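Coordinates as given in start-v3.pdb (PDB, C-alpha atoms, pLDDT in the B column):
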ATOM      1  CA  MET Z   1      12.329  11.278 -11.889  1.00 95.00           C
ATOM      2  CA  ILE Z   2      10.325   8.092 -12.467  1.00 97.00           C
ATOM      3  CA  LEU Z   3       8.642   6.188  -9.645  1.00 97.00           C
ATOM      4  CA  TYR Z   4       8.775   2.437 -10.230  1.00 98.00           C
ATOM      5  CA  PRO Z   5       6.199   0.535  -8.123  1.00 97.00           C
ATOM      6  CA  ALA Z   6       7.705  -2.827  -7.182  1.00 96.00           C
ATOM      7  CA  ILE Z   7       6.037  -6.201  -7.435  1.00 97.00           C
ATOM      8  CA  ASP Z   8       8.233  -8.888  -5.903  1.00 95.00           C
ATOM      9  CA  LEU Z   9       7.054 -12.391  -6.772  1.00 97.00           C
ATOM     10  CA  LYS Z  10       7.427 -15.409  -4.485  1.00 96.00           C
ATOM     11  CA  ASP Z  11       5.478 -18.616  -5.022  1.00 95.00           C
ATOM     12  CA  GLY Z  12       3.107 -16.776  -7.357  1.00 96.00           C
ATOM     13  CA  ASN Z  13       2.251 -14.036  -4.862  1.00 95.00           C
ATOM     14  CA  ALA Z  14       3.179 -10.367  -4.624  1.00 94.00           C
ATOM     15  CA  VAL Z  15       5.312 -10.117  -1.485  1.00 93.00           C
ATOM     16  CA  ARG Z  16       7.844  -7.908   0.252  1.00 83.00           C
ATOM     17  CA  LEU Z  17      10.933  -9.175   1.992  1.00 80.00           C
ATOM     18  CA  TYR Z  18      12.636  -7.672   5.017  1.00 74.00           C
ATOM     19  CA  LYS Z  19      16.305  -6.924   4.241  1.00 65.00           C
ATOM     20  CA  GLY Z  20      16.318  -9.567   1.532  1.00 66.00           C
ATOM     21  CA  GLU Z  21      15.438 -12.514   3.771  1.00 74.00           C
ATOM     22  CA  MET Z  22      13.195 -14.996   1.939  1.00 80.00           C
ATOM     23  CA  GLU Z  23      11.850 -16.392   5.214  1.00 77.00           C
ATOM     24  CA  GLN Z  24      10.715 -12.894   6.168  1.00 79.00           C
ATOM     25  CA  ALA Z  25       8.260 -12.478   3.309  1.00 84.00           C
ATOM     26  CA  THR Z  26       4.918 -10.738   3.749  1.00 87.00           C
ATOM     27  CA  VAL Z  27       2.240 -11.567   1.164  1.00 91.00           C
ATOM     28  CA  PHE Z  28       0.465  -8.389   0.050  1.00 91.00           C
ATOM     29  CA  ASN Z  29      -1.543  -9.732  -2.864  1.00 90.00           C
ATOM     30  CA  ASP Z  30      -2.183 -13.253  -4.163  1.00 95.00           C
ATOM     31  CA  ASN Z  31      -3.063 -11.771  -7.565  1.00 97.00           C
ATOM     32  CA  PRO Z  32       0.023  -9.924  -8.840  1.00 97.00           C
ATOM     33  CA  ALA Z  33      -1.654  -8.856 -12.089  1.00 98.00           C
ATOM     34  CA  ALA Z  34      -4.483  -7.199 -10.164  1.00 97.00           C
ATOM     35  CA  GLN Z  35      -1.890  -5.423  -8.045  1.00 97.00           C
ATOM     36  CA  ALA Z  36      -0.072  -4.249 -11.159  1.00 98.00           C
ATOM     37  CA  LEU Z  37      -3.321  -2.910 -12.614  1.00 98.00           C
ATOM     38  CA  GLU Z  38      -3.937  -0.925  -9.425  1.00 96.00           C
ATOM     39  CA  PHE Z  39      -0.569   0.769  -9.893  1.00 97.00           C
ATOM     40  CA  VAL Z  40      -1.248   1.438 -13.575  1.00 98.00           C
ATOM     41  CA  GLU Z  41      -4.688   2.888 -12.859  1.00 97.00           C
ATOM     42  CA  ALA Z  42      -3.086   5.215 -10.302  1.00 96.00           C
ATOM     43  CA  GLY Z  43      -0.904   6.602 -13.081  1.00 97.00           C
ATOM     44  CA  CYS Z  44       2.485   4.876 -12.858  1.00 97.00           C
ATOM     45  CA  GLU Z  45       4.675   5.045 -15.966  1.00 97.00           C
ATOM     46  CA  TRP Z  46       6.700   1.872 -15.308  1.00 98.00           C
ATOM     47  CA  LEU Z  47       6.514  -1.353 -13.288  1.00 98.00           C
ATOM     48  CA  HIS Z  48       9.433  -3.014 -11.510  1.00 98.00           C
ATOM     49  CA  LEU Z  49       9.097  -6.802 -11.261  1.00 98.00           C
ATOM     50  CA  VAL Z  50      11.329  -9.266  -9.414  1.00 95.00           C
ATOM     51  CA  ASP Z  51      11.184 -13.061  -9.610  1.00 96.00           C
ATOM     52  CA  LEU Z  52      12.513 -13.808  -6.115  1.00 93.00           C
ATOM     53  CA  ASN Z  53      12.388 -17.584  -6.516  1.00 94.00           C
ATOM     54  CA  GLY Z  54      14.114 -17.205  -9.863  1.00 94.00           C
ATOM     55  CA  ALA Z  55      16.946 -15.224  -8.323  1.00 88.00           C
ATOM     56  CA  PHE Z  56      17.768 -18.211  -6.116  1.00 88.00           C
ATOM     57  CA  ALA Z  57      17.050 -20.880  -8.737  1.00 91.00           C
ATOM     58  CA  GLY Z  58      19.028 -19.182 -11.505  1.00 91.00           C
ATOM     59  CA  GLU Z  59      16.135 -19.478 -13.940  1.00 94.00           C
ATOM     60  CA  PRO Z  60      12.602 -18.057 -14.245  1.00 94.00           C
ATOM     61  CA  VAL Z  61      10.185 -19.523 -11.673  1.00 97.00           C
ATOM     62  CA  ASN Z  62       7.323 -16.995 -11.545  1.00 97.00           C
ATOM     63  CA  ALA Z  63       6.916 -16.752 -15.307  1.00 97.00           C
ATOM     64  CA  ALA Z  64       3.120 -17.184 -15.269  1.00 97.00           C
ATOM     65  CA  PRO Z  65       2.297 -14.144 -13.093  1.00 98.00           C
ATOM     66  CA  VAL Z  66       4.849 -12.022 -14.963  1.00 98.00           C
ATOM     67  CA  GLU Z  67       3.290 -12.946 -18.295  1.00 98.00           C
ATOM     68  CA  GLU Z  68      -0.174 -12.139 -16.942  1.00 98.00           C
ATOM     69  CA  ILE Z  69       1.055  -8.711 -15.824  1.00 98.00           C
ATOM     70  CA  LEU Z  70       2.532  -8.066 -19.266  1.00 98.00           C
ATOM     71  CA  LYS Z  71      -0.756  -9.062 -20.915  1.00 97.00           C
ATOM     72  CA  GLN Z  72      -2.951  -6.879 -18.725  1.00 97.00           C
ATOM     73  CA  CYS Z  73      -0.829  -3.746 -18.253  1.00 97.00           C
ATOM     74  CA  ASN Z  74      -0.119  -1.143 -20.907  1.00 96.00           C
ATOM     75  CA  VAL Z  75       2.956   0.436 -19.288  1.00 98.00           C
ATOM     76  CA  PRO Z  76       6.554  -0.735 -19.742  1.00 98.00           C
ATOM     77  CA  ALA Z  77       7.933  -3.190 -17.191  1.00 98.00           C
ATOM     78  CA  GLN Z  78      11.402  -4.239 -16.128  1.00 98.00           C
ATOM     79  CA  LEU Z  79      12.175  -7.649 -14.600  1.00 98.00           C
ATOM     80  CA  GLY Z  80      15.019  -9.106 -12.590  1.00 96.00           C
ATOM     81  CA  GLY Z  81      15.599 -12.517 -11.050  1.00 94.00           C
ATOM     82  CA  GLY Z  82      16.856 -15.694 -12.714  1.00 93.00           C
ATOM     83  CA  ILE Z  83      17.819 -14.094 -16.030  1.00 96.00           C
ATOM     84  CA  ARG Z  84      21.256 -15.507 -16.744  1.00 95.00           C
ATOM     85  CA  ASP Z  85      21.512 -16.390 -20.446  1.00 97.00           C
ATOM     86  CA  MET Z  86      20.747 -14.909 -23.851  1.00 97.00           C
ATOM     87  CA  ALA Z  87      17.872 -17.304 -24.524  1.00 97.00           C
ATOM     88  CA  THR Z  88      16.025 -16.166 -21.380  1.00 97.00           C
ATOM     89  CA  ILE Z  89      16.654 -12.513 -22.218  1.00 98.00           C
ATOM     90  CA  GLU Z  90      15.324 -12.964 -25.746  1.00 98.00           C
ATOM     91  CA  ARG Z  91      12.310 -14.921 -24.503  1.00 97.00           C
ATOM     92  CA  TRP Z  92      11.275 -12.235 -22.019  1.00 98.00           C
ATOM     93  CA  LEU Z  93      11.712  -9.382 -24.477  1.00 98.00           C
ATOM     94  CA  SER Z  94       9.680 -11.294 -27.077  1.00 98.00           C
ATOM     95  CA  LYS Z  95       6.842 -11.537 -24.548  1.00 97.00           C
ATOM     96  CA  GLY Z  96       6.641  -7.769 -24.223  1.00 97.00           C
ATOM     97  CA  LEU Z  97       9.014  -7.025 -21.381  1.00 98.00           C
ATOM     98  CA  SER Z  98      10.661  -3.631 -21.902  1.00 98.00           C
ATOM     99  CA  ARG Z  99      13.830  -4.203 -19.887  1.00 98.00           C
ATOM    100  CA  VAL Z 100      15.641  -7.147 -18.340  1.00 98.00           C
ATOM    101  CA  ILE Z 101      17.715  -6.605 -15.216  1.00 98.00           C
ATOM    102  CA  LEU Z 102      20.925  -8.617 -15.024  1.00 97.00           C
ATOM    103  CA  GLY Z 103      22.332  -8.945 -11.521  1.00 92.00           C
ATOM    104  CA  THR Z 104      24.256 -12.104 -10.680  1.00 89.00           C
ATOM    105  CA  VAL Z 105      25.616 -12.469 -14.226  1.00 94.00           C
ATOM    106  CA  ALA Z 106      26.907  -8.898 -14.100  1.00 94.00           C
ATOM    107  CA  VAL Z 107      29.439 -10.200 -11.583  1.00 93.00           C
ATOM    108  CA  GLU Z 108      29.902 -13.757 -12.802  1.00 93.00           C
ATOM    109  CA  ASN Z 109      29.675 -13.254 -16.567  1.00 96.00           C
ATOM    110  CA  PRO Z 110      30.057  -9.568 -17.513  1.00 96.00           C
ATOM    111  CA  ALA Z 111      30.659 -10.564 -21.142  1.00 98.00           C
ATOM    112  CA  LEU Z 112      27.022 -11.721 -21.308  1.00 98.00           C
ATOM    113  CA  VAL Z 113      25.845  -8.281 -20.155  1.00 98.00           C
ATOM    114  CA  ARG Z 114      27.892  -6.651 -22.897  1.00 98.00           C
ATOM    115  CA  GLU Z 115      26.618  -9.070 -25.531  1.00 98.00           C
ATOM    116  CA  ALA Z 116      23.014  -8.578 -24.443  1.00 98.00           C
ATOM    117  CA  ALA Z 117      23.330  -4.779 -24.360  1.00 98.00           C
ATOM    118  CA  ARG Z 118      24.660  -4.833 -27.931  1.00 97.00           C
ATOM    119  CA  GLU Z 119      22.062  -7.300 -29.183  1.00 98.00           C
ATOM    120  CA  PHE Z 120      19.088  -5.699 -27.415  1.00 98.00           C
ATOM    121  CA  GLU Z 121      20.016  -2.038 -27.324  1.00 96.00           C
ATOM    122  CA  GLY Z 122      18.076  -0.053 -24.741  1.00 97.00           C
ATOM    123  CA  HIS Z 123      16.527  -3.139 -23.146  1.00 98.00           C
ATOM    124  CA  VAL Z 124      19.228  -4.284 -20.711  1.00 98.00           C
ATOM    125  CA  ALA Z 125      19.829  -2.912 -17.219  1.00 98.00           C
ATOM    126  CA  VAL Z 126      22.288  -3.992 -14.540  1.00 98.00           C
ATOM    127  CA  GLY Z 127      21.060  -4.676 -11.023  1.00 95.00           C
ATOM    128  CA  ILE Z 128      23.628  -3.941  -8.341  1.00 95.00           C
ATOM    129  CA  ASP Z 129      22.562  -5.134  -4.906  1.00 89.00           C
ATOM    130  CA  ALA Z 130      24.901  -4.378  -2.030  1.00 89.00           C
ATOM    131  CA  ARG Z 131      25.535  -4.689   1.679  1.00 86.00           C
ATOM    132  CA  ASN Z 132      27.974  -2.163   3.110  1.00 83.00           C
ATOM    133  CA  GLY Z 133      29.219  -1.198  -0.333  1.00 81.00           C
ATOM    134  CA  ARG Z 134      29.953  -4.775  -1.487  1.00 88.00           C
ATOM    135  CA  VAL Z 135      27.925  -6.501  -4.196  1.00 92.00           C
ATOM    136  CA  ALA Z 136      25.721  -9.494  -3.281  1.00 86.00           C
ATOM    137  CA  THR Z 137      24.525 -12.088  -5.808  1.00 84.00           C
ATOM    138  CA  LYS Z 138      22.200 -15.105  -6.135  1.00 75.00           C
ATOM    139  CA  GLY Z 139      19.186 -13.464  -4.565  1.00 64.00           C
ATOM    140  CA  TRP Z 140      21.409 -11.528  -2.143  1.00 64.00           C
ATOM    141  CA  ALA Z 141      22.491 -14.826  -0.566  1.00 69.00           C
ATOM    142  CA  GLU Z 142      26.177 -14.574  -1.533  1.00 80.00           C
ATOM    143  CA  GLU Z 143      28.370 -11.583  -0.807  1.00 85.00           C
ATOM    144  CA  THR Z 144      31.370 -10.783  -2.985  1.00 87.00           C
ATOM    145  CA  ASP Z 145      34.462  -8.617  -2.648  1.00 89.00           C
ATOM    146  CA  VAL Z 146      33.320  -6.507  -5.614  1.00 92.00           C
ATOM    147  CA  MET Z 147      32.671  -2.866  -4.792  1.00 94.00           C
ATOM    148  CA  VAL Z 148      29.529  -1.192  -6.148  1.00 94.00           C
ATOM    149  CA  THR Z 149      31.236   1.674  -7.945  1.00 95.00           C
ATOM    150  CA  ASP Z 150      33.874  -0.576  -9.513  1.00 96.00           C
ATOM    151  CA  LEU Z 151      31.212  -2.860 -10.973  1.00 96.00           C
ATOM    152  CA  ALA Z 152      29.143   0.062 -12.269  1.00 97.00           C
ATOM    153  CA  LYS Z 153      32.157   1.715 -13.904  1.00 97.00           C
ATOM    154  CA  SER Z 154      33.067  -1.536 -15.654  1.00 97.00           C
ATOM    155  CA  PHE Z 155      29.897  -1.205 -17.746  1.00 97.00           C
ATOM    156  CA  GLU Z 156      30.328   2.460 -18.692  1.00 96.00           C
ATOM    157  CA  ASP Z 157      31.007   1.609 -22.339  1.00 95.00           C
ATOM    158  CA  ALA Z 158      28.672  -1.389 -22.575  1.00 97.00           C
ATOM    159  CA  GLY Z 159      25.486   0.418 -23.558  1.00 97.00           C
ATOM    160  CA  VAL Z 160      23.344  -0.685 -20.604  1.00 98.00           C
ATOM    161  CA  SER Z 161      20.227   1.428 -20.218  1.00 98.00           C
ATOM    162  CA  ALA Z 162      20.211   1.764 -16.414  1.00 98.00           C
ATOM    163  CA  ILE Z 163      21.693   0.630 -13.129  1.00 98.00           C
ATOM    164  CA  ILE Z 164      19.266  -0.382 -10.401  1.00 97.00           C
ATOM    165  CA  TYR Z 165      21.127   0.117  -7.131  1.00 95.00           C
ATOM    166  CA  THR Z 166      19.688  -1.562  -4.038  1.00 90.00           C
ATOM    167  CA  ASP Z 167      20.981  -1.122  -0.519  1.00 86.00           C
ATOM    168  CA  ILE Z 168      19.916  -4.504   0.885  1.00 83.00           C
ATOM    169  CA  ASN Z 169      20.030  -3.358   4.502  1.00 77.00           C
ATOM    170  CA  ARG Z 170      17.395  -0.735   3.707  1.00 70.00           C
ATOM    171  CA  ASP Z 171      15.126  -2.922   1.581  1.00 64.00           C
ATOM    172  CA  GLY Z 172      11.712  -3.472   3.124  1.00 59.00           C
ATOM    173  CA  ALA Z 173      12.893  -1.900   6.384  1.00 54.00           C
ATOM    174  CA  MET Z 174      11.003   1.397   5.938  1.00 63.00           C
ATOM    175  CA  GLN Z 175      14.081   3.280   7.188  1.00 75.00           C
ATOM    176  CA  GLY Z 176      14.648   5.510   4.185  1.00 86.00           C
ATOM    177  CA  PRO Z 177      16.995   4.996   1.241  1.00 91.00           C
ATOM    178  CA  ASN Z 178      20.769   5.297   1.341  1.00 90.00           C
ATOM    179  CA  ILE Z 179      20.725   8.671  -0.388  1.00 93.00           C
ATOM    180  CA  GLU Z 180      24.425   9.415   0.025  1.00 92.00           C
ATOM    181  CA  SER Z 181      25.622   6.143  -1.546  1.00 92.00           C
ATOM    182  CA  THR Z 182      23.048   6.340  -4.325  1.00 95.00           C
ATOM    183  CA  ALA Z 183      24.007   9.916  -5.180  1.00 96.00           C
ATOM    184  CA  ASP Z 184      27.708   9.038  -5.102  1.00 94.00           C
ATOM    185  CA  LEU Z 185      27.108   6.201  -7.564  1.00 95.00           C
ATOM    186  CA  ALA Z 186      25.054   8.417  -9.882  1.00 97.00           C
ATOM    187  CA  ARG Z 187      27.858  10.979  -9.922  1.00 97.00           C
ATOM    188  CA  ALA Z 188      30.492   8.309 -10.580  1.00 96.00           C
ATOM    189  CA  VAL Z 189      28.938   6.934 -13.783  1.00 97.00           C
ATOM    190  CA  SER Z 190      27.134   8.294 -16.824  1.00 97.00           C
ATOM    191  CA  ILE Z 191      24.657   5.380 -16.835  1.00 98.00           C
ATOM    192  CA  PRO Z 192      21.228   6.368 -15.455  1.00 97.00           C
ATOM    193  CA  VAL Z 193      20.843   5.193 -11.841  1.00 98.00           C
ATOM    194  CA  ILE Z 194      17.587   4.040 -10.222  1.00 98.00           C
ATOM    195  CA  ALA Z 195      17.447   4.050  -6.417  1.00 96.00           C
ATOM    196  CA  SER Z 196      16.026   1.052  -4.589  1.00 92.00           C
ATOM    197  CA  GLY Z 197      15.704  -0.038  -0.983  1.00 87.00           C
ATOM    198  CA  GLY Z 198      14.063   1.808   1.885  1.00 88.00           C
ATOM    199  CA  VAL Z 199      12.008   4.381  -0.043  1.00 92.00           C
ATOM    200  CA  SER Z 200       9.233   4.764   2.512  1.00 91.00           C
ATOM    201  CA  SER Z 201       7.824   8.310   2.424  1.00 95.00           C
ATOM    202  CA  LEU Z 202       7.165  11.287   0.200  1.00 96.00           C
ATOM    203  CA  ASP Z 203      10.064  13.018   1.928  1.00 96.00           C
ATOM    204  CA  ASP Z 204      12.360  10.174   0.847  1.00 95.00           C
ATOM    205  CA  LEU Z 205      11.314  10.782  -2.740  1.00 96.00           C
ATOM    206  CA  ARG Z 206      11.834  14.536  -2.376  1.00 96.00           C
ATOM    207  CA  HIS Z 207      15.301  13.987  -0.920  1.00 96.00           C
ATOM    208  CA  LEU Z 208      16.265  11.651  -3.759  1.00 96.00           C
ATOM    209  CA  LYS Z 209      14.918  14.080  -6.327  1.00 96.00           C
ATOM    210  CA  ASN Z 210      16.906  16.939  -4.760  1.00 96.00           C
ATOM    211  CA  CYS Z 211      20.067  14.993  -3.871  1.00 95.00           C
ATOM    212  CA  GLY Z 212      22.164  16.879  -6.395  1.00 95.00           C
ATOM    213  CA  ALA Z 213      22.795  13.812  -8.556  1.00 95.00           C
ATOM    214  CA  PRO Z 214      20.969  12.949 -11.804  1.00 91.00           C
ATOM    215  CA  LEU Z 215      18.862   9.994 -10.676  1.00 96.00           C
ATOM    216  CA  ASN Z 216      16.605   8.363 -13.260  1.00 96.00           C
ATOM    217  CA  GLY Z 217      14.088   7.208 -10.677  1.00 96.00           C
ATOM    218  CA  ALA Z 218      13.256   5.359  -7.488  1.00 96.00           C
ATOM    219  CA  ILE Z 219      11.677   1.997  -6.716  1.00 95.00           C
ATOM    220  CA  SER Z 220       9.194   1.594  -3.882  1.00 93.00           C
ATOM    221  CA  GLY Z 221       7.284  -1.439  -2.727  1.00 92.00           C
ATOM    222  CA  ARG Z 222       6.316  -1.904   0.906  1.00 90.00           C
ATOM    223  CA  ALA Z 223       5.493   1.775   1.426  1.00 93.00           C
ATOM    224  CA  LEU Z 224       2.956   1.634  -1.408  1.00 95.00           C
ATOM    225  CA  TYR Z 225       1.345  -1.525  -0.015  1.00 92.00           C
ATOM    226  CA  ASP Z 226       1.288  -0.220   3.558  1.00 90.00           C
ATOM    227  CA  GLY Z 227      -0.136   3.137   2.477  1.00 94.00           C
ATOM    228  CA  ALA Z 228       2.868   5.111   3.729  1.00 95.00           C
ATOM    229  CA  ILE Z 229       3.166   6.496   0.197  1.00 96.00           C
ATOM    230  CA  ASP Z 230       0.109   7.407  -1.867  1.00 97.00           C
ATOM    231  CA  LEU Z 231       1.100   6.602  -5.449  1.00 97.00           C
ATOM    232  CA  LYS Z 232      -0.903   9.403  -7.080  1.00 96.00           C
ATOM    233  CA  GLU Z 233       0.526  11.960  -4.663  1.00 97.00           C
ATOM    234  CA  ALA Z 234       4.040  10.609  -5.144  1.00 97.00           C
ATOM    235  CA  LEU Z 235       3.781  10.885  -8.934  1.00 96.00           C
ATOM    236  CA  THR Z 236       2.676  14.509  -8.544  1.00 95.00           C
ATOM    237  CA  VAL Z 237       5.636  15.246  -6.246  1.00 92.00           C
ATOM    238  CA  LEU Z 238       8.139  13.793  -8.703  1.00 92.00           C
ATOM    239  CA  LYS Z 239       6.680  15.651 -11.676  1.00 88.00           C
ATOM    240  CA  ALA Z 240       6.633  19.003  -9.853  1.00 80.00           C
TER     241      ALA Z 240
END
Encoded form (structure tokens):
Amino acid sequence: MILYPAIDLKDGNAVRLYKGEMEQATVFNDNPAAQALEFVEAGCEWLHLVDLNGAFAGEPVNAAPVEEILKQCNVPAQLGGGIRDMATIERWLSKGLSRVILGTVAVENPALVREAAREFEGHVAVGIDARNGRVATKGWAEETDVMVTDLAKSFEDAGVSAIIYTDINRDGAMQGPNIESTADLARAVSIPVIASGGVSSLDDLRHLKNCGAPLNGAISGRALYDGAIDLKEALTVLKA
């Protein structure tokens, strides 16, 4: 199982939100590239990046810090937030991004996800963010009637490389991940599933690893910044 350290970008800073609320952002580092290098030097294999402003704006906003991270770090990175057309996907991949995460467009324009997954095989993931089992879009600001499992299953034959599943109510709350829902989703689809939201201790990582479902990995942010999870120790736990 892969541990993906998260760097959420708001106004050029590395921040963490509480349950997806932009007004409840805590700045952890005003130099996101330096933060990314810390994670890389600790041994992480991937980075998880989110352009929070971009998710609301519908287009990239924090491009400069993302590009700086890509220049300075020698591990693959995935990025979500404001990626809603083929030109933006192509531009990010040409700059060295390993994987784009398509969230809002997965609901509003699933044909684009399919086109992108065909055109850029292995480089397109779907981000499914949910409250109480229902998908939320546009930076988690709009809730839909689409159910998580239904959306995930609709991309079974599309060739997407991963599904990043976030339980919004757990995100940044340090209350532990929604293991049951994440495991249920991983069992329901053949697409690799990455858990996100609430991963706040080594025990959380152990429980995800041993949940009985084939999870690809887990994303953690606040717990790494707060010191609740030691990255080197966590990587050892997941490789054991």
Handout entry: Best match for closeness to Gly159 in chain Z among Z:Ile194, Z:Ala63, Z:Val135, Z:Ala116, counting all atoms listed in the file
Key =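 Closest residue, counting all atoms listed in the file: Z:Ala116.
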Exercise for the section: Step by step, work through what the PyMOL selection byres ((chain Z and resi 65-68) around 12) selects in the shown file, and finish by giving those residues as a ChimeraX atom specification. Expected result: /Z:7-14,29-37,47-52,54,60-64,69-74,77-81,91-97
Practice task
For CA of Ala111 in chain Z and CA of Asn169 in chain Z, quote the distance in Å rounded to one decimal.
Solution key: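 Result for CA of Ala111 in chain Z versus CA of Asn169 in chain Z: 28.7 Å, one decimal.
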Handout entry: Residues selected by the PyMOL selection byres ((chain Z and resi 16) around 7), written as a list in words
Key = Asp8, Val15, Leu17, Tyr18, Ala25, Thr26, Val27, Gly172 and Arg222 of chain Z
Practice task
With the file shown as input, list the residues that the PyMOL selection byres ((chain Z and resi 114) around 10) selects, as a PyMOL selection string.
Solution key: chain Z and resi 106+109-113+115-120+124+155+157-160
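Proximity ranking of Z:Glu59, Z:Glu41, Z:Asp150, Z:Asp145 relative to Val75 in chain Z places Z:Glu41 first, based on all atoms listed in the file.
You can rank Z:Leu205, Z:Ala183, Z:Ile191, Z:Ile168 by their closest distance to Gly122 in chain Z using all atoms listed in the file, and at the top of that list sits Z:Ile191.
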Exercise for the section: Grab the CA of Gly197 in chain Z to CA of Asp129 in chain Z distance for me, in Å with one decimal place. Expected result: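 Computing the Euclidean distance for CA of Gly197 in chain Z and CA of Asp129 in chain Z yields 9.4 Å.
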Exercise for the section: For CA of Val199 in chain Z and CA of Gly176 in chain Z, determine how far apart the two atoms are, in Å to one decimal place. Expected result: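 Atom-to-atom, CA of Val199 in chain Z and CA of Gly176 in chain Z are spaced 5.1 Å apart.
Comparing Z:Glu180, Z:Ser196, Z:Ala55, Z:Ser161 by their smallest distance to Lys138 in chain Z, the closest is Z:Ala55 (using all atoms listed in the file).
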